[in-house]
$ cat structure30.cif   # mmCIF, C-alpha atoms
data_upload
#
loop_
_atom_site.label_atom_id
_atom_site.label_comp_id
_atom_site.auth_asym_id
_atom_site.auth_seq_id
_atom_site.Cartn_x
_atom_site.Cartn_y
_atom_site.Cartn_z
CA MET A 948 0.00 0.00 0.00
CA VAL A 949 2.90 2.35 0.76
CA TYR A 950 4.12 1.94 -2.82
CA VAL A 951 0.68 2.62 -4.25
CA LYS A 952 0.39 5.78 -2.19
CA TRP A 953 3.80 7.10 -3.20
CA THR A 954 3.34 6.19 -6.84
CA PHE A 955 0.03 8.04 -6.85
CA LEU A 956 1.49 11.10 -5.12
CA THR A 957 4.49 11.16 -7.45
CA LEU A 958 2.24 10.95 -10.50
CA LEU A 959 0.07 13.75 -9.14
CA ALA A 960 3.12 15.96 -8.49
CA LEU A 961 4.44 15.22 -11.99
CA LEU A 962 1.07 16.11 -13.52
CA VAL A 963 0.91 19.42 -11.63
CA PHE A 964 4.49 20.24 -12.61
CA ALA A 965 3.84 19.35 -16.27
CA PHE A 966 0.69 21.48 -16.29
CA PHE A 967 2.54 24.57 -15.06
CA HIS A 968 5.57 23.85 -17.23
CA TYR A 969 3.35 23.75 -20.30
CA THR A 970 1.11 26.69 -19.43
CA LEU A 971 3.38 29.30 -17.84
CA PRO A 972 5.37 31.65 -20.08
CA GLN A 973 9.08 31.14 -20.67
CA HIS A 974 11.70 33.26 -22.42
CA ASP A 975 14.09 31.89 -25.04
CA ILE A 976 16.98 33.92 -26.41
CA VAL A 977 17.20 32.98 -30.09
CA ARG A 978 18.03 34.26 -33.55
CA ILE A 979 15.05 34.21 -35.91
CA ALA A 980 16.10 32.53 -39.16
CA ASP A 981 12.80 32.64 -41.02
CA THR A 982 9.06 32.69 -40.70
CA TYR A 983 6.54 30.70 -42.70
CA GLU A 984 3.01 29.39 -42.71
CA LYS A 985 1.83 25.86 -43.27
CA ARG A 986 -1.49 24.12 -43.47
CA ILE A 987 -2.18 22.09 -40.35
CA ASP A 988 -4.73 19.31 -39.84
CA PRO A 989 -4.71 18.69 -36.10
CA GLY A 990 -5.50 15.05 -35.35
CA GLY A 991 -4.44 13.10 -32.29
CA ASN A 992 -2.35 16.06 -31.21
CA ALA A 993 -5.25 18.53 -31.45
CA LEU A 994 -4.99 19.18 -27.72
CA PHE A 995 -1.68 20.94 -28.34
CA TRP A 996 -3.03 23.24 -31.03
CA ALA A 997 -5.09 26.33 -30.40
CA ASP A 998 -8.66 26.92 -31.57
CA PRO A 999 -9.15 28.81 -34.85
CA PRO A 1000 -8.57 32.58 -34.56
CA VAL A 1001 -11.28 34.70 -32.99
CA GLY A 1002 -14.04 35.32 -35.52
CA ALA A 1003 -12.93 32.59 -37.93
CA ALA A 1004 -14.96 29.50 -38.81
CA GLN A 1005 -14.37 26.14 -37.12
CA THR A 1006 -12.76 24.17 -39.93
CA ALA A 1007 -10.91 20.86 -39.99
CA ASN A 1008 -7.68 22.44 -41.18
CA ARG A 1009 -6.18 25.88 -41.42
CA ASP A 1010 -2.97 27.78 -42.07
CA VAL A 1011 -0.74 28.35 -39.05
CA PHE A 1012 2.15 30.79 -38.77
CA PHE A 1013 5.53 29.42 -37.70
CA ILE A 1014 8.74 31.06 -36.54
CA GLN A 1015 11.98 29.20 -37.21
CA ALA A 1016 14.77 30.10 -34.83
CA ILE A 1017 18.27 29.06 -33.81
CA ARG A 1018 19.42 28.96 -30.21
CA PRO A 1019 22.79 30.40 -29.17
CA ASN A 1020 24.15 26.82 -29.04
CA GLY A 1021 23.27 26.34 -32.70
CA ARG A 1022 20.31 24.02 -32.21
CA PRO A 1023 17.00 24.79 -33.90
CA ILE A 1024 13.67 25.58 -32.27
CA VAL A 1025 10.42 26.16 -34.14
CA TYR A 1026 7.52 28.07 -32.66
CA ARG A 1027 3.96 28.15 -33.84
CA ASN A 1028 2.19 31.48 -33.72
CA GLU A 1029 -1.52 31.08 -33.01
CA ASP A 1030 -4.24 33.08 -31.30
CA THR A 1031 -5.27 31.70 -27.93
CA GLY A 1032 -8.27 34.02 -28.16
CA TRP A 1033 -10.63 33.71 -25.23
CA GLY A 1034 -9.77 30.06 -24.60
CA TRP A 1035 -7.16 28.14 -22.63
CA PRO A 1036 -4.43 28.98 -21.74
CA PRO A 1037 -5.60 32.47 -20.75
CA TYR A 1038 -3.05 34.61 -22.56
CA PHE A 1039 -5.82 36.41 -24.48
CA LYS A 1040 -3.55 36.58 -27.47
CA LEU A 1041 -5.31 38.09 -30.48
CA ASP A 1042 -2.41 39.72 -32.32
CA THR A 1043 -0.99 36.70 -34.15
CA SER A 1044 -0.60 38.50 -37.47
CA ASN A 1045 1.07 41.51 -35.85
CA LEU A 1046 3.44 39.20 -33.98
CA GLN A 1047 4.31 37.45 -37.24
CA ALA A 1048 5.14 40.84 -38.79
CA GLU A 1049 7.38 41.73 -35.84
CA ALA A 1050 9.11 38.34 -35.93
CA THR A 1051 9.73 38.62 -39.67
CA ASP A 1052 11.10 42.11 -39.14
CA LEU A 1053 13.61 40.73 -36.59
CA LYS A 1054 15.02 38.09 -38.97
CA SER A 1055 18.83 38.10 -39.14
CA PRO A 1056 21.58 36.15 -40.89
CA LYS A 1057 24.00 33.87 -39.08
CA ASP A 1058 27.04 36.14 -39.48
CA ASN A 1059 25.25 39.24 -38.21
CA PRO A 1060 22.82 37.92 -35.61
CA GLN A 1061 20.07 39.97 -34.00
CA TRP A 1062 19.25 38.14 -30.79
CA VAL A 1063 15.64 38.25 -29.69
CA SER A 1064 13.75 37.09 -26.62
CA VAL A 1065 10.77 34.94 -27.59
CA THR A 1066 8.13 34.67 -24.89
CA HIS A 1067 6.25 31.42 -25.36
CA TYR A 1068 4.37 28.64 -23.65
CA GLY A 1069 4.09 24.98 -24.58
CA TRP A 1070 6.48 22.25 -25.64
CA ARG A 1071 8.32 21.23 -28.76
CA ASN A 1072 7.91 17.52 -29.28
CA GLU A 1073 8.99 15.81 -32.49
CA PHE A 1074 7.04 12.62 -31.78
CA LEU A 1075 3.74 14.46 -31.46
CA SER A 1076 4.55 17.22 -33.96
CA ILE A 1077 3.77 19.93 -31.45
CA TYR A 1078 5.31 23.36 -31.13
CA PRO A 1079 5.48 25.98 -28.39
CA ASN A 1080 3.23 28.96 -29.07
CA ALA A 1081 5.08 32.29 -29.31
CA VAL A 1082 3.34 35.07 -27.40
CA GLY A 1083 5.77 37.96 -27.86
CA VAL A 1084 9.13 38.86 -29.37
CA ARG A 1085 11.52 41.65 -28.52
CA PRO A 1086 15.11 42.37 -29.44
CA VAL A 1087 17.79 41.91 -26.76
CA GLN A 1088 21.45 42.90 -26.44
CA GLY A 1089 23.10 39.52 -26.86
CA PRO A 1090 22.76 35.75 -26.47
CA ASP A 1091 23.69 35.83 -22.76
CA VAL A 1092 20.82 38.04 -21.55
CA SER A 1093 18.90 36.49 -18.68
CA ILE A 1094 15.35 37.53 -17.88
CA PHE A 1095 13.86 37.16 -14.43
CA PRO A 1096 10.49 35.36 -14.64
CA TRP A 1097 8.39 37.99 -12.85
CA VAL A 1098 5.12 36.78 -14.31
CA ASN A 1099 5.76 33.20 -13.18
CA THR A 1100 6.78 34.38 -9.72
CA ILE A 1101 3.55 36.36 -9.36
CA ILE A 1102 1.33 33.58 -10.73
CA LEU A 1103 2.90 30.82 -8.62
CA THR A 1104 2.69 33.03 -5.52
CA LEU A 1105 -1.00 33.63 -6.22
CA VAL A 1106 -1.57 29.89 -6.74
CA ALA A 1107 0.20 29.11 -3.45
CA LEU A 1108 -1.94 31.72 -1.66
CA ALA A 1109 -5.07 30.26 -3.23
CA VAL A 1110 -4.14 26.74 -2.06
CA LEU A 1111 -3.40 28.07 1.43
CA PHE A 1112 -6.74 29.88 1.48
CA LEU A 1113 -8.59 26.80 0.28
CA TRP A 1114 -6.96 24.81 3.06
CA ARG A 1115 -8.07 27.46 5.62
CA VAL A 1116 -11.62 27.34 4.25
CA TRP A 1117 -11.67 23.55 4.53
CA ALA A 1118 -10.27 23.65 8.09
CA GLN A 1119 -12.91 26.18 9.11
CA PHE A 1120 -15.69 24.17 7.45
CA ARG A 1121 -14.51 21.04 9.22
CA GLU A 1122 -14.20 22.68 12.61
CA ARG A 1123 -17.56 24.47 12.46
CA THR A 1124 -19.76 22.13 10.43
CA ILE A 1125 -18.47 18.57 10.08
CA ASP A 1126 -17.03 18.01 13.58
CA PRO A 1127 -20.21 19.15 15.43
CA LEU A 1128 -22.21 16.91 13.08
CA LEU A 1129 -19.95 13.93 13.87
CA GLU A 1130 -20.23 14.70 17.59
CA ASP A 1131 -24.02 14.58 17.25
CA VAL A 1132 -23.81 11.25 15.44
CA GLY A 1133 -21.41 9.96 18.12
CA GLU A 1134 -23.76 11.02 20.92
CA THR A 1135 -26.73 9.42 19.20
CA TRP A 1136 -24.74 6.25 18.73
CA ASP A 1137 -23.79 6.19 22.44
CA GLU A 1138 -27.45 6.57 23.38
CA VAL A 1139 -28.43 3.70 21.09
CA ASP A 1140 -25.65 1.62 22.59
CA GLU A 1141 -26.82 2.32 26.16
CA ARG A 1142 -30.39 1.50 25.30
CA ALA A 1143 -29.25 -1.79 23.74
CA ASP A 1144 -27.26 -2.64 26.87
CA ALA A 1145 -30.27 -1.92 29.08
CA ALA A 1146 -32.51 -4.07 26.89
CA ARG A 1147 -30.06 -6.95 27.05
CA ASP A 1148 -29.87 -6.71 30.84
CA ARG A 1149 -33.66 -6.77 31.08
CA ALA A 1150 -33.81 -9.79 28.77
CA ARG A 1151 -31.23 -11.63 30.82
CA GLY A 1152 -33.08 -10.93 34.02
CA TRP A 1153 -36.24 -12.30 32.47
CA TRP A 1154 -34.44 -15.45 31.26
CA ARG A 1155 -32.90 -15.99 34.69
CA ARG A 1156 -36.23 -15.76 36.41
CA LEU A 1157 -37.76 -18.15 33.87
CA THR A 1158 -35.12 -20.85 34.08
CA GLY A 1159 -34.15 -20.36 37.69
CA ARG A 1160 -30.46 -20.44 36.99
CA GLY A 1161 -28.06 -17.65 36.33
CA ARG A 1162 -25.01 -17.42 34.22
CA LYS A 1163 -21.96 -15.52 35.25
CA MET B 277 -17.92 35.35 -30.41
CA VAL B 278 -18.85 31.85 -29.27
CA ALA B 279 -15.52 31.57 -27.43
CA LEU B 280 -16.06 34.89 -25.66
CA ILE B 281 -19.54 33.84 -24.54
CA ARG B 282 -18.15 30.52 -23.34
CA LEU B 283 -15.45 32.35 -21.36
CA ALA B 284 -18.09 34.64 -19.83
CA VAL B 285 -20.39 31.77 -18.85
CA VAL B 286 -17.66 29.50 -17.46
CA GLY B 287 -16.06 32.49 -15.72
CA LEU B 288 -19.36 33.50 -14.14
CA VAL B 289 -19.99 29.97 -12.84
CA VAL B 290 -16.46 29.58 -11.42
CA LEU B 291 -16.48 33.03 -9.83
CA THR B 292 -19.91 32.42 -8.31
CA VAL B 293 -18.67 29.18 -6.72
CA ILE B 294 -15.69 31.11 -5.30
CA TYR B 295 -17.96 33.95 -4.15
CA VAL B 296 -20.30 31.61 -2.27
CA MET B 297 -17.36 29.78 -0.71
CA VAL B 298 -15.66 32.97 0.45
CA SER B 299 -18.97 34.35 1.78
CA ILE B 300 -19.65 31.26 3.87
CA TYR B 301 -16.07 31.23 5.12
CA SER B 302 -16.08 34.91 6.04
CA ARG B 303 -19.40 34.60 7.87
CA SER B 304 -18.20 31.52 9.75
CA VAL B 305 -14.99 33.25 10.85
CA ARG B 306 -16.99 36.30 12.02
CA ARG B 307 -19.40 34.13 14.02
CA GLU B 308 -16.53 32.29 15.67
CA ARG B 309 -14.94 35.58 16.65
CA LEU B 310 -18.23 36.88 18.03
CA GLU B 311 -18.56 33.73 20.12
CA ASP B 312 -15.07 34.30 21.52
CA TRP B 313 -15.88 37.94 22.28
CA ALA B 314 -19.11 36.97 23.99
CA ASP B 315 -17.30 34.39 26.14
CA GLU B 316 -14.67 36.98 27.10
CA ARG B 317 -17.36 39.45 28.11
CA ILE B 318 -19.19 36.82 30.13
CA ALA B 319 -15.92 35.96 31.88
CA ASP B 320 -15.38 39.66 32.68
CA GLY B 321 -18.94 40.01 33.91
CA ARG B 322 -19.79 42.59 31.23
CA LEU B 323 -22.36 40.35 29.55
CA ALA B 324 -25.02 38.19 31.10
CA GLU B 325 -24.93 34.49 30.26
CA GLY B 326 -28.45 34.67 28.82
CA ASP B 327 -27.56 37.50 26.43
CA ARG B 328 -24.88 35.48 24.65
CA ASP B 329 -27.04 34.47 21.67
CA ALA B 330 -28.47 37.99 21.31
CA PHE B 331 -24.94 39.45 21.32
CA ILE B 332 -23.85 37.08 18.55
CA GLU B 333 -26.97 37.67 16.46
CA GLU B 334 -26.54 41.43 16.71
CA GLY B 335 -22.90 41.10 15.64
CA MET B 336 -23.98 39.02 12.64
CA ARG B 337 -26.59 41.66 11.70
CA ASP B 338 -23.83 44.29 11.77
CA TYR B 339 -21.69 42.01 9.61
CA GLU B 340 -24.40 41.82 6.94
CA HIS B 341 -24.06 45.58 6.42
CA SER B 342 -20.29 45.74 6.80
CA LEU B 343 -17.73 46.88 4.25
CA ARG B 344 -16.01 43.52 4.60
CA LYS B 345 -19.01 41.72 3.17
CA LYS B 346 -19.18 44.12 0.22
CA LEU B 347 -15.46 43.65 -0.41
CA ILE B 348 -16.12 39.99 -1.24
CA LEU B 349 -17.72 41.26 -4.47
CA GLY B 350 -14.12 41.87 -5.49
CA VAL B 351 -14.14 38.18 -6.42
CA TYR B 352 -16.05 39.30 -9.54
CA VAL B 353 -14.35 42.66 -10.09
CA VAL B 354 -10.67 41.70 -9.80
CA PRO B 355 -10.61 38.94 -12.47
CA ILE B 356 -12.49 41.12 -14.98
CA ILE B 357 -9.96 43.93 -14.50
CA ALA B 358 -7.14 41.37 -14.72
CA VAL B 359 -8.48 40.10 -18.08
CA ILE B 360 -8.74 43.64 -19.48
CA ILE B 361 -5.15 44.40 -18.39
CA LEU B 362 -3.94 41.07 -19.83
CA VAL B 363 -5.59 41.76 -23.21
CA TYR B 364 -3.86 45.13 -23.32
CA VAL B 365 -0.45 43.82 -22.23
CA THR B 366 -0.41 40.81 -24.59
CA ASN B 367 -1.67 42.54 -27.69
CA PHE B 368 -1.07 46.29 -27.58
CA MET B 369 2.06 46.89 -25.51
#
$ encode --input "structure30.cif" --output "structure tokens"
Amino acid sequence: MVYVKWTFLTLLALLVFAFFHYTLPQHDIVRIADTYEKRIDPGGNALFWADPPVGAAQTANRDVFFIQAIRPNGRPIVYRNEDTGWGWPPYFKLDTSNLQAEATDLKSPKDNPQWVSVTHYGWRNEFLSIYPNAVGVRPVQGPDVSIFPWVNTIILTLVALAVLFLWRVWAQFRERTIDPLLEDVGETWDEVDERADAARDRARGWWRRLTGRGRK
Amino acid sequence: MVALIRLAVVGLVVLTVIYVMVSIYSRSVRRERLEDWADERIADGRLAEGDRDAFIEEGMRDYEHSLRKKLILGVYVVPIIAVIILVYVTNFM
């Protein structure tokens, strides 16, 4: 049972971590090599693609913008550029086309790189053909710039406070509502128990009188 | 448009659940505090034992008109402002 419990808790922790790792924004310092668009037919991986842009029809396939980039270590990373609109995750991103224009404007060749910070959420996974969604781009000084994740700090602090608050609410509810209820049930049960004991004693007395012999 | 309506409906439901929860919690905490105050007063001899319930009920009536109770409506106001700020920051800044 101990193994079951720990396996379950580990899986739960992994799931929570994965959820935040996917959803919260991250910054990559990259050089944008090119931008393009490609028709996409989301299938089994539809969960990792956004809904059609706000105002557009719900169709089986559509064109999606992509941003091809190279990391400072020379390895490639490709971002998709899609509206999140009013759906999940709640970035409320509606400016996909503007972002594509900015990204294209920041394109630079290998021998004269313009480093940019790409704010994005999501994962790149070759097996599922999924791409992180770029949310914003802005030029930075060089490849070694580090950006403090203020947004993540604020969001995770708020989440922690919310969990703490929920725990307080539960403790209060338990103390004021459930425990008194259980006490009532306990008292009722004791009464029932006493009455049963009394009834048994009476029955025994009657049996003893009837048979004329007592049991210890 | 459909997505916006969906966001509004889901948001309203979630926020209402939170609002009800916070209201019940806040009221429960206030009642507990009033009980403590009443017991203190009884211990000091400032309140008669028989007036305990009346003292608590009066405190709860005051609570129903308090600023604190109205502040819980912030559960609806704060997220709406947050969404408006987010839309501005993500798209127009």
$ atom_distance --input "structure30.cif" --atom1 "atom CA of Val1011 of chain A" --atom2 "atom CA of Pro1090 of chain A"
27.7 Å
$ interface_residues --input "structure30.cif" --of "chain B" --to "chain A" --cutoff "7 Å" --atoms "only C-alpha atoms" --output "ChimeraX atom specification"
/B:277,279-280,283,301,362-363,366-367
$ closest_residue --input "structure30.cif" --among "B:Met336, B:Val286, B:Val365, B:Leu323" --to "Ser304 of chain B" --atoms "all atoms listed in the file"
B:Met336
$ residues_around --input "structure30.cif" --residues "Ser1064 of chain A" --least-positions-apart "5" --cutoff "8 Å" --atoms "only C-alpha atoms" --output "number ranges by chain"
A: 974-977, 1084-1087
$ residues_around --input "structure30.cif" --residues "Gly335 of chain B" --least-positions-apart "4" --cutoff "8 Å" --atoms "all atoms listed in the file" --output "list in words"
Arg307, Leu310, Phe331 and Tyr339 of chain B
$ atom_distance --input "structure30.cif" --atom1 "atom CA of Ala1016 of chain A" --atom2 "atom CA of Gln1047 of chain A"
13.0 Å
$ closest_residue --input "structure30.cif" --among "B:Val353, B:Leu347, B:Ile360, B:Ile332" --to "Arg306 of chain B" --atoms "all atoms listed in the file"
B:Ile332
$ resolve_selection --input "structure30.cif" --expression "the PyMOL selection byres ((chain A and resi 1079) around 6)" --output "PDB file with C-alpha atoms, in the coordinates of the input"
ATOM      1  CA  TYR A1026       7.520  28.070 -32.660  1.00  0.00           C
ATOM      2  CA  TYR A1068       4.370  28.640 -23.650  1.00  0.00           C
ATOM      3  CA  GLY A1069       4.090  24.980 -24.580  1.00  0.00           C
ATOM      4  CA  TRP A1070       6.480  22.250 -25.640  1.00  0.00           C
ATOM      5  CA  ARG A1071       8.320  21.230 -28.760  1.00  0.00           C
ATOM      6  CA  TYR A1078       5.310  23.360 -31.130  1.00  0.00           C
ATOM      7  CA  ASN A1080       3.230  28.960 -29.070  1.00  0.00           C
TER       8      ASN A1080
END
$ closest_residue --input "structure30.cif" --among "B:Gly326, B:Ser302, B:Ala284, B:Met297" --to "Lys346 of chain B" --atoms "all atoms listed in the file"
B:Ser302
$ residues_around --input "structure30.cif" --residues "Tyr983 of chain A" --least-positions-apart "2" --cutoff "8 Å" --atoms "only C-alpha atoms" --output "list in words"
Asp981, Lys985, Phe1012, Phe1013, Ile1014 and Gln1015 of chain A
$ residues_near_point --input "structure30.cif" --point "(-16.5, 33.4, -14.9)" --cutoff "12 Å" --atoms "only C-alpha atoms" --output "list in words"
Trp1033 of chain A; Leu280, Ile281, Arg282, Leu283, Ala284, Val285, Val286, Gly287, Leu288, Val289, Val290, Leu291, Thr292, Val293, Ile294, Tyr295, Val351, Tyr352, Val353, Val354, Pro355, Ile356 and Val359 of chain B
$ residues_around --input "structure30.cif" --residues "Pro1023 of chain A" --least-positions-apart "2" --cutoff "10 Å" --atoms "all atoms listed in the file" --output "mmCIF file with C-alpha atoms, in the coordinates of the input"
data_model
loop_
_atom_site.group_PDB
_atom_site.id
_atom_site.type_symbol
_atom_site.label_atom_id
_atom_site.label_comp_id
_atom_site.auth_asym_id
_atom_site.auth_seq_id
_atom_site.Cartn_x
_atom_site.Cartn_y
_atom_site.Cartn_z
ATOM 1 C CA VAL A 977 17.200 32.980 -30.090
ATOM 2 C CA ARG A 978 18.030 34.260 -33.550
ATOM 3 C CA ILE A 979 15.050 34.210 -35.910
ATOM 4 C CA ALA A 980 16.100 32.530 -39.160
ATOM 5 C CA GLN A 1015 11.980 29.200 -37.210
ATOM 6 C CA ALA A 1016 14.770 30.100 -34.830
ATOM 7 C CA ILE A 1017 18.270 29.060 -33.810
ATOM 8 C CA ARG A 1018 19.420 28.960 -30.210
ATOM 9 C CA PRO A 1019 22.790 30.400 -29.170
ATOM 10 C CA ASN A 1020 24.150 26.820 -29.040
ATOM 11 C CA GLY A 1021 23.270 26.340 -32.700
ATOM 12 C CA VAL A 1025 10.420 26.160 -34.140
#
$ axis_aligned_box --input "structure30.cif" --around "segment 311-321 of chain B" --padding-each-side "8 Å" --output "AutoDock Vina command-line options"
--center_x -16.9 --center_y 36.9 --center_z 27.0 --size_x 20.5 --size_y 22.3 --size_z 29.8
$ atom_distance --input "structure30.cif" --atom1 "atom CA of Gly1133 of chain A" --atom2 "atom CA of Asp327 of chain B"
29.4 Å
$ resolve_selection --input "structure30.cif" --expression "the PyMOL selection byres ((chain A and resi 1093-1101) around 9)" --output "short mmCIF file (atom, residue, chain, number, x, y, z; two decimals) with C-alpha atoms, in the coordinates of the input"
data_model
loop_
_atom_site.label_atom_id
_atom_site.label_comp_id
_atom_site.auth_asym_id
_atom_site.auth_seq_id
_atom_site.Cartn_x
_atom_site.Cartn_y
_atom_site.Cartn_z
CA LEU A 971 3.38 29.30 -17.84
CA PRO A 972 5.37 31.65 -20.08
CA GLN A 973 9.08 31.14 -20.67
CA HIS A 974 11.70 33.26 -22.42
CA ILE A 976 16.98 33.92 -26.41
CA SER A 1064 13.75 37.09 -26.62
CA PRO A 1090 22.76 35.75 -26.47
CA ASP A 1091 23.69 35.83 -22.76
CA VAL A 1092 20.82 38.04 -21.55
CA ILE A 1102 1.33 33.58 -10.73
CA LEU A 1103 2.90 30.82 -8.62
CA THR A 1104 2.69 33.03 -5.52
CA LEU A 1105 -1.00 33.63 -6.22
CA VAL A 1106 -1.57 29.89 -6.74
#
